[in-house]
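What follows is one structure encoded as C-alpha cells, with my remarks underneath.
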Amino acid sequence: APKGPVLGIETSCDETAAAVVGRTASGAPVILSSVVLSQTEEHAAFGGVVPEIAARAHVEAVDGIVKAALTEAGTGLEGLAGIAATVGPGLVGGLIVGAMTGKALAAARKLPFFAINHLEGHALTPRLTDAVAYPYLVLLVSGGHTQILLVRGLGRYERWGTTIDDALGEAFDKTAKMLGLGHPGGPLVERAAASGDAGRFHLPRPMRGEKRLDFSFSGLKTAVRQAANAAAPLSDQDVADLCAGFQAAAADSVRDRIGRALERYRAELSDLADPVLAVAGGVAANGAIRAALNAACQGHGVRLVAPPLSLCGDNGAMIAHAGLERLEAGLFDGFEAPVRPRWPL
Ligand code: KG4
Ligand code: ZN
C-alpha cells in the first residue's frame, strides 16, 4: 500500500511554507495541501532579505501555516506518516525555526522525522509534478544557486556545473537593484524587459563556448552597471532596454551552457528511453530563460519538464515530497540532525 502522507516545512529563506504530500492508490504523488506565506513585503524596504527579520517572521507564522496545511489536507497530525523540514542550506535563524517545529511535532506524535536538503527538494520536484523517472538532468536556478545536476536516484546527485560567482537569480536581483526596480528583482526585470530593445546595449555572453559546464554572471552584471552609468540619467526606456539586454545575454549564456550539458548527457546516458531536462528554482518562471532551455532541448532530442510556477519557487510541497521518497526508502533522520546553513547537495 502507498505510504504517507508526509508534512513538509520550508523556512530556509523568505517564505514560510508547509504542505502535505501523499500518494494515490496507484502510487502517483499527490499534493493534499500547500500553503506559502511570502515575506516579500517585510524585506522590500531593505532591498533584499534581512536574516533577522526573516527569522522573526518565520517564528510568528510557522504554527499557523502548518495548521492551515494540515486542515486543508484534511489529515490533521493524526493522519501523517512522517514530518520533513528543510535543515539547510539557508539562513540559520529560519532553518532553526522550521527544524524545531518539525522535530517537536514529530516527537509529540512519535512520527519519523526527515532532515531535508532544500536543493534536494528542488531537484526532486519533477518527480512530484511530472512523475519523471530516474535518471534525469536538472537545471537549478534560484536566488542562491545555479547548478546543473545529474539526478541518478534518491540521494545520488552528480554536480556537472555551477556558477563561479553570482547565482542567476542573484544577477537578476542585483540588476534590478542597480536600475532602481526593487526586490525581488527577477519578475521586475522580466516585466521591464518586455518593452525594451535587447539589441541597444552590447553586453557579454559569459562563458560562451567554454568546455566546462560552469556559469558566470558577475561580468554581465558589471557590464550592465557600466552601460547604465554611461547612459545616466536613465529614462524608463533606458531601464527597459538595459533589462532586455541583460535578460537576453543571460538567456544566451544559459542556452550555450545547457546545450553543452545536453551533449554530454546524450553521450554518457545514451540508452535513455525518455531523456529529460527539468528546470527548478525561482528563475524557472522567466519566459526568456524557458525559451532558451526549450531551444537547447529541441536541438538535442531532450524533453523539457518545467513545473508550474508555484512549485518552481520555494514551497513546502517539494520538502514533503522529498520526505515521502525518503520514508519509502527507509532513510530516517534522528532528532539530533543539526541545521546546516552551508550544505552542498
Ligand atoms: O527558488 P527561489 O524562490 O528561492 C531561492 O533562491 O531558493 O528563487 C528566487 C529567485 C530570486 O532571485 C528571483 O528574483 C528569481 O528567483 N525569479 C526570477 C523570476 N521570478 C523569480 N528571475 C527571473 N525572472 C523571473 N520571472
Ligand atoms: Zn529555493
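For the C-alpha cells, the naming scheme is as follows: chains receive sequential letters (A, B, ...) according to their order of presentation, residues are indexed from 1 within each chain, and ligands are indexed from 1 in presentation order.
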
Compile a residue-level contact table for chain A against ligand 1 at a cut-off of 6 Å, reporting for every qualifying residue the shortest atom pair and its distance in Å to one decimal, with only C-alpha atoms and all ligand atoms counted, rows ordered by chain and ascending number, as a Markdown table.
| residue | atom | partner | partner_atom_place_in_ligand_line | distance |
| --- | --- | --- | --- | --- |
| A:Ser142 | CA | ligand 1 | 8 (O) | 3.9 |
| A:Gly143 | CA | ligand 1 | 6 (O) | 3.2 |
| A:Gly144 | CA | ligand 1 | 6 (O) | 4.7 |
| A:Gly169 | CA | ligand 1 | 12 (O) | 3.4 |
| A:Glu170 | CA | ligand 1 | 12 (O) | 4.9 |
| A:Phe172 | CA | ligand 1 | 14 (O) | 5.8 |
| A:Asp173 | CA | ligand 1 | 14 (O) | 5.1 |
| A:Pro184 | CA | ligand 1 | 14 (O) | 4.6 |
| A:Gly185 | CA | ligand 1 | 14 (O) | 4.5 |
| A:Gly186 | CA | ligand 1 | 22 (N) | 3.3 |
| A:Pro187 | CA | ligand 1 | 26 (N) | 3.8 |
| A:Glu190 | CA | ligand 1 | 24 (N) | 5.5 |
| A:Gly281 | CA | ligand 1 | 1 (O) | 3.7 |
| A:Gly282 | CA | ligand 1 | 8 (O) | 3.3 |
| A:Val283 | CA | ligand 1 | 22 (N) | 3.9 |
| A:Ala285 | CA | ligand 1 | 26 (N) | 4.6 |
| A:Asn286 | CA | ligand 1 | 26 (N) | 3.9 |
| A:Gly313 | CA | ligand 1 | 3 (O) | 3.4 |
| A:Asp314 | CA | ligand 1 | 3 (O) | 4.3 |

>> Please list as a PyMOL selection string every residue within 9 Å of Gly88 of chain A, counting only C-alpha atoms and excluding residues in the same chain fewer than 3 positions away.
In response: chain A and resi 12+91-92+95+115-119+339-344

>> Env of segment 231-237 of chain A: 9 Å cut, atoms = only C-alpha atoms, seq-sep filter 6 positions within chain, self excluded. Answer as a ChimeraX atom specification.
In response: /A:179,192,195-197

Preceding selection exported with C-alpha atoms as a PDB file, in the first residue's frame:
ATOM      1  CA  LEU A 179      18.318  50.055 -12.020  1.00  0.00           C
ATOM      2  CA  ALA A 192      10.589  45.897 -17.793  1.00  0.00           C
ATOM      3  CA  SER A 195       9.065  46.827 -23.534  1.00  0.00           C
ATOM      4  CA  GLY A 196      12.817  47.054 -24.089  1.00  0.00           C
ATOM      5  CA  ASP A 197      15.174  46.703 -27.055  1.00  0.00           C
TER       6      ASP A 197
END

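One distance worth recording is that between atom CA of Pro135 of chain A and atom CA of Val151 of chain A, which is 5.4 Å.
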
> Excluding same-chain residues fewer than 5 positions from Leu80 of chain A, what lies within 10 Å of it counting only C-alpha atoms, as a PyMOL selection string?
Replying inline: chain A and resi 3-7+20-22+70+75+106+109+111-112

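Here atom CA of Leu181 of chain A stands at a distance of 23.0 Å from atom CA of Arg205 of chain A.
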
> Mind pulling up the distance from atom CA of Leu277 of chain A to atom CA of Val302 of chain A?
Replying inline: 6.6 Å

> Between A:Val66, A:Ala337, A:Ala28, A:Tyr136, which has the minimum distance to Leu269 of chain A (counting only C-alpha atoms)?
Replying inline: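 The answer is A:Tyr136, which sits nearest to Leu269 of chain A.
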
>> Taking the DSSP secondary structure from the backbone, can you list the residues of segment 147-333 of chain A that are helix (DSSP H, G or I), as a PyMOL selection string?
In response: chain A and resi 168-178+185-193+218-231+236-268+282-285+287-300+309-312+317-329

Please, could you write that set of residues out with C-alpha atoms as an mmCIF file, in the first residue's frame?
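Everything below was put into again_7.cif:
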data_model
loop_
_atom_site.group_PDB
_atom_site.id
_atom_site.type_symbol
_atom_site.label_atom_id
_atom_site.label_comp_id
_atom_site.auth_asym_id
_atom_site.auth_seq_id
_atom_site.Cartn_x
_atom_site.Cartn_y
_atom_site.Cartn_z
ATOM 1 C CA LEU A 168 21.392 33.618 -11.904
ATOM 2 C CA GLY A 169 18.564 34.842 -9.655
ATOM 3 C CA GLU A 170 21.075 36.936 -7.750
ATOM 4 C CA ALA A 171 22.205 38.527 -11.032
ATOM 5 C CA PHE A 172 18.566 39.382 -11.839
ATOM 6 C CA ASP A 173 18.110 40.786 -8.315
ATOM 7 C CA LYS A 174 21.299 42.888 -8.440
ATOM 8 C CA THR A 175 20.464 44.188 -11.911
ATOM 9 C CA ALA A 176 17.019 45.231 -10.661
ATOM 10 C CA LYS A 177 18.527 46.929 -7.625
ATOM 11 C CA MET A 178 21.074 48.919 -9.644
ATOM 12 C CA GLY A 185 14.196 41.681 -8.970
ATOM 13 C CA GLY A 186 13.620 38.766 -11.336
ATOM 14 C CA PRO A 187 9.953 39.388 -12.131
ATOM 15 C CA LEU A 188 10.540 43.178 -12.262
ATOM 16 C CA VAL A 189 13.410 42.824 -14.747
ATOM 17 C CA GLU A 190 11.325 40.479 -16.878
ATOM 18 C CA ARG A 191 8.394 42.897 -16.893
ATOM 19 C CA ALA A 192 10.589 45.897 -17.793
ATOM 20 C CA ALA A 193 12.388 43.869 -20.467
ATOM 21 C CA SER A 218 29.148 38.813 -12.377
ATOM 22 C CA GLY A 219 30.875 40.119 -15.526
ATOM 23 C CA LEU A 220 27.498 40.587 -17.179
ATOM 24 C CA LYS A 221 26.220 42.446 -14.121
ATOM 25 C CA THR A 222 29.279 44.735 -14.236
ATOM 26 C CA ALA A 223 28.724 45.380 -17.945
ATOM 27 C CA VAL A 224 25.125 46.390 -17.197
ATOM 28 C CA ARG A 225 26.360 48.761 -14.499
ATOM 29 C CA GLN A 226 28.853 50.365 -16.860
ATOM 30 C CA ALA A 227 26.239 50.766 -19.588
ATOM 31 C CA ALA A 228 23.809 52.236 -17.045
ATOM 32 C CA ASN A 229 26.424 54.712 -15.796
ATOM 33 C CA ALA A 230 27.236 55.773 -19.352
ATOM 34 C CA ALA A 231 23.556 56.342 -20.190
ATOM 35 C CA ASP A 236 12.148 54.406 -18.299
ATOM 36 C CA GLN A 237 13.063 53.365 -21.831
ATOM 37 C CA ASP A 238 16.760 53.163 -20.919
ATOM 38 C CA VAL A 239 15.888 50.906 -17.978
ATOM 39 C CA ALA A 240 13.709 48.724 -20.198
ATOM 40 C CA ASP A 241 16.468 48.421 -22.811
ATOM 41 C CA LEU A 242 19.063 47.529 -20.158
ATOM 42 C CA CYS A 243 16.733 44.901 -18.678
ATOM 43 C CA ALA A 244 16.049 43.437 -22.117
ATOM 44 C CA GLY A 245 19.762 43.385 -22.918
ATOM 45 C CA PHE A 246 20.651 41.752 -19.619
ATOM 46 C CA GLN A 247 17.923 39.130 -19.903
ATOM 47 C CA ALA A 248 18.849 38.265 -23.493
ATOM 48 C CA ALA A 249 22.525 37.913 -22.579
ATOM 49 C CA ALA A 250 21.716 35.733 -19.558
ATOM 50 C CA ALA A 251 19.384 33.566 -21.645
ATOM 51 C CA ASP A 252 22.014 33.171 -24.396
ATOM 52 C CA SER A 253 24.557 32.134 -21.799
ATOM 53 C CA VAL A 254 22.148 29.592 -20.306
ATOM 54 C CA ARG A 255 21.342 28.228 -23.760
ATOM 55 C CA ASP A 256 25.020 27.745 -24.550
ATOM 56 C CA ARG A 257 25.864 26.116 -21.187
ATOM 57 C CA ILE A 258 22.820 23.838 -21.251
ATOM 58 C CA GLY A 259 23.465 22.915 -24.874
ATOM 59 C CA ARG A 260 26.877 21.655 -23.840
ATOM 60 C CA ALA A 261 25.461 19.802 -20.825
ATOM 61 C CA LEU A 262 22.863 18.098 -23.019
ATOM 62 C CA GLU A 263 25.596 16.985 -25.404
ATOM 63 C CA ARG A 264 27.339 15.239 -22.521
ATOM 64 C CA TYR A 265 24.037 13.870 -21.166
ATOM 65 C CA ARG A 266 23.139 12.315 -24.539
ATOM 66 C CA ALA A 267 26.628 10.866 -24.952
ATOM 67 C CA GLU A 268 27.027 9.431 -21.435
ATOM 68 C CA GLY A 282 12.506 30.604 -8.932
ATOM 69 C CA VAL A 283 14.227 31.762 -12.137
ATOM 70 C CA ALA A 284 12.390 28.974 -13.973
ATOM 71 C CA ALA A 285 9.492 31.449 -14.010
ATOM 72 C CA GLY A 287 9.983 33.272 -20.098
ATOM 73 C CA ALA A 288 13.259 34.103 -21.868
ATOM 74 C CA ILE A 289 15.153 31.507 -19.825
ATOM 75 C CA ARG A 290 12.461 28.928 -20.552
ATOM 76 C CA ALA A 291 12.628 29.723 -24.268
ATOM 77 C CA ALA A 292 16.416 29.260 -24.199
ATOM 78 C CA LEU A 293 16.001 25.884 -22.498
ATOM 79 C CA ASN A 294 13.341 24.848 -24.989
ATOM 80 C CA ALA A 295 15.641 25.690 -27.871
ATOM 81 C CA ALA A 296 18.555 23.762 -26.351
ATOM 82 C CA CYS A 297 16.341 20.731 -25.645
ATOM 83 C CA GLN A 298 14.893 20.685 -29.150
ATOM 84 C CA GLY A 299 18.382 20.677 -30.560
ATOM 85 C CA HIS A 300 19.318 17.570 -28.580
ATOM 86 C CA LEU A 309 5.466 28.314 -11.224
ATOM 87 C CA SER A 310 4.061 27.724 -7.740
ATOM 88 C CA LEU A 311 6.351 24.676 -7.464
ATOM 89 C CA CYS A 312 9.433 26.296 -9.040
ATOM 90 C CA ALA A 317 5.347 20.514 -1.175
ATOM 91 C CA MET A 318 8.837 19.855 -2.531
ATOM 92 C CA ILE A 319 10.059 19.266 1.035
ATOM 93 C CA ALA A 320 7.120 16.998 1.905
ATOM 94 C CA HIS A 321 7.702 15.071 -1.328
ATOM 95 C CA ALA A 322 11.425 14.632 -0.615
ATOM 96 C CA GLY A 323 10.404 13.362 2.835
ATOM 97 C CA LEU A 324 7.933 10.939 1.250
ATOM 98 C CA GLU A 325 10.628 9.494 -1.015
ATOM 99 C CA ARG A 326 12.920 9.160 1.992
ATOM 100 C CA LEU A 327 10.161 7.494 4.034
ATOM 101 C CA GLU A 328 9.638 4.940 1.278
ATOM 102 C CA ALA A 329 13.390 4.316 1.056
#

> Of the candidates A:Asp63, A:Glu120, A:Asp166, A:Glu78, which one gets nearest to ligand 2 if we count only C-alpha atoms and all ligand atoms?
Replying inline: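 Among the listed residues, the smallest separation from ligand 2 belongs to A:Glu120.
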